[in-house]
Amino acid sequence: MKRISIISASLVAISLSACLKDKPNTDFTGTQSQYVAEISTASTNATPNAPSGGIQYFGGATLSLLGTDLDSVMFTVNIASDYPPTKDIQVTLAVDPSAIASYNAGGYSSVTYSQMPDSIYTFAQKTGTIKAGSRLDTFYVVFDPTKVDLTQSYMLPISITAAPGTIISGNMGTIYFHMIGNPLAGPYNSVGFRYNYTGSIGYTGGPYPSGGAATNLAPLSPKFGTPIDQTTLSIDYANLGPGDYYVISYDKSNPDTISVTVNKSFLNSISHFGVITQSYNHLTKTMHIVTTYNNQPDGSGNDRIVDETFVHQ
């Protein structure tokens with residue numbers, strides 16, 4: 001069972017009016033025997049045990065559906081109250097298409113989502129029991145990345161439809177699983193080299209200086225373009241692993257123009273980062289990117305040149 005990785009998940013902080021101003025996994029002071037059913041955490045959230053339900057925690061339900069293996073996402077239904085329930089509580093969930101229309105009409109973002117096709121996911125177990133003395137029950141949705149069109153923005157909202165003996169949360173009764181589409185997203189065949197130099201070479205273009213030890217990057221192919229938003233995606237940088245990545249933006253009005261940088265945490269750990277080449281051919285769906293950097297933040301380390309070409313599959 002896999003946990004989905006998240007490149008980038010900005011929490012959406014929105015002030016909402018609702019019948020209950022509940023907080024996830026937090027007991028209610030003064031509610032006495034009142035029980036509130038809510039969707040609390042999900043394995044899509046990069047921060048363990050952080051809330052993922054409701055529009056205010058929209059970013060915690062961001063999907064990153066890449067590769068070919070089935071991805072299983074876990075989420076929990078919680079009973080918020082002064083004390084755990086003294087009787088079993090039966091919980092029923094359902095996919096809630098009306099939540100998509102409400103979200104799209106609410107002006108929460110510039111992205112318009114469509115309902116995720118049922119060929120992409122399996123949500124078999126829609127009922128559960130929270131036992132007396134407990135607060136949580138766990139549910140799973142299984143996604144098939146091979147059925148996903150990464151250019152499309154999909155939403156799969158799941159709502160609590162029944163939990164007898166409780167009040168269903170007005171602001172956390174739904175979890176909005178979603179993915180942002182991007183025309184450049186998807187798998188890329190990649191080739192290239194990372195040239196490792198000793199000391200500083202101050203490369204700014206032209207023929208590569210001699211003396212660089214070449215690391216072949218072709219064995220890392222394919223690499224995946226993961227949407228950050230509708231015009232920006234990330235791709236793993238050189239052979240540094242998933243923690244460091246290109247941030248690539250494109251101009252809708254000029255399909256052969258891209259702008260390249262890298263993630264901020266990587267920038268903070270190096271110095272003298274420069275982009276020498278950032279070209280894109282929208283007809284062949286080919287990107288060629290050449291960058292350089294020094295591997296120490298104060299510039300006292302060793303220079304690197306990274307030359308990679310990506311061809312969309």
# chains A, B, ... in the order shown; residues from 1 in each chain; ligands from 1
>>> select_by_dssp(residues="stretch 81-232 of chain A", states="alpha helix (DSSP H)", output="PyMOL selection string")
chain A and resi 97-105
>>> select_by_dssp(residues="stretch 194-309 of chain A", states="strand (DSSP E or B)", output="number ranges by chain")
A: 194-196, 213-216, 223-229, 232-236, 245-251, 254-262, 271-281, 286-294, 303-309
>>> atom_distance(atom1="atom CA of A:Arg135", atom2="atom CA of A:Ile158")
19.2 Å
>>> closest_residue(among="A:Leu240, A:Ile180, A:Ala94, A:Ile258", to="A:Leu150", atoms="only C-alpha atoms")
A:Ile180
>>> atom_distance(atom1="atom CA of A:Phe177", atom2="atom CA of A:Tyr246")
25.1 Å
>>> atom_distance(atom1="atom CA of A:Ser119", atom2="atom CA of A:Ser234")
26.0 Å
>>> residues_around(residues="A:Asp229", least_positions_apart="6", cutoff="9 Å", atoms="only C-alpha atoms", output="PyMOL selection string")
chain A and resi 111+180-182
>>> write_last_selection(atoms="N, CA, C and O atoms", output="PDB file, in the first residue's frame")
ATOM      1  N   VAL A 111      -8.722  27.775 -10.757  1.00  0.00           N
ATOM      2  CA  VAL A 111      -8.855  26.458 -11.373  1.00  0.00           C
ATOM      3  C   VAL A 111     -10.305  26.021 -11.350  1.00  0.00           C
ATOM      4  O   VAL A 111     -10.979  26.095 -10.322  1.00  0.00           O
ATOM      5  N   ILE A 180      -4.425  19.141 -10.075  1.00  0.00           N
ATOM      6  CA  ILE A 180      -4.414  20.252 -11.023  1.00  0.00           C
ATOM      7  C   ILE A 180      -3.818  19.783 -12.337  1.00  0.00           C
ATOM      8  O   ILE A 180      -2.746  19.178 -12.367  1.00  0.00           O
ATOM      9  N   GLY A 181      -4.503  20.066 -13.437  1.00  0.00           N
ATOM     10  CA  GLY A 181      -4.015  19.693 -14.754  1.00  0.00           C
ATOM     11  C   GLY A 181      -3.034  20.712 -15.298  1.00  0.00           C
ATOM     12  O   GLY A 181      -3.097  21.899 -14.989  1.00  0.00           O
ATOM     13  N   ASN A 182      -2.115  20.242 -16.125  1.00  0.00           N
ATOM     14  CA  ASN A 182      -1.115  21.103 -16.742  1.00  0.00           C
ATOM     15  C   ASN A 182      -0.737  20.491 -18.087  1.00  0.00           C
ATOM     16  O   ASN A 182      -0.371  19.314 -18.144  1.00  0.00           O
TER      17      ASN A 182
END
>>> closest_residue(among="A:His178, A:Ala124, A:Gly107, A:Val141", to="A:Phe58", atoms="only C-alpha atoms")
A:His178
>>> closest_residue(among="A:Gly225, A:Pro297, A:Gly53, A:Pro219", to="A:Phe266", atoms="only C-alpha atoms")
A:Pro297
>>> residues_around(residues="A:Asn295", least_positions_apart="4", cutoff="10 Å", atoms="only C-alpha atoms", output="ChimeraX atom specification")
/A:196,199-200,266-267,269-273,299-304
>>> closest_residue(among="A:Tyr35, A:Asn268, A:Ile89, A:Asn294", to="A:Asp244", atoms="only C-alpha atoms")
A:Asn268
>>> residues_around(residues="stretch 205-213 of chain A", least_positions_apart="6", cutoff="12 Å", atoms="only C-alpha atoms", output="list in words")
Phe193, Arg194, Tyr195, Asn196, Tyr197, Thr198, Gly199, Gly274, Val275, Ile276, Thr277, Val290, Thr291, Thr292, Asn302, Asp303, Arg304, Ile305, Val306 and Asp307 of chain A
>>> closest_residue(among="A:Asp82, A:Met179, A:Leu93, A:Asn281", to="A:Ala162", atoms="only C-alpha atoms")
A:Leu93
>>> closest_residue(among="A:Tyr154, A:Tyr237, A:Tyr121, A:Phe75", to="A:Asp137", atoms="only C-alpha atoms")
A:Phe75
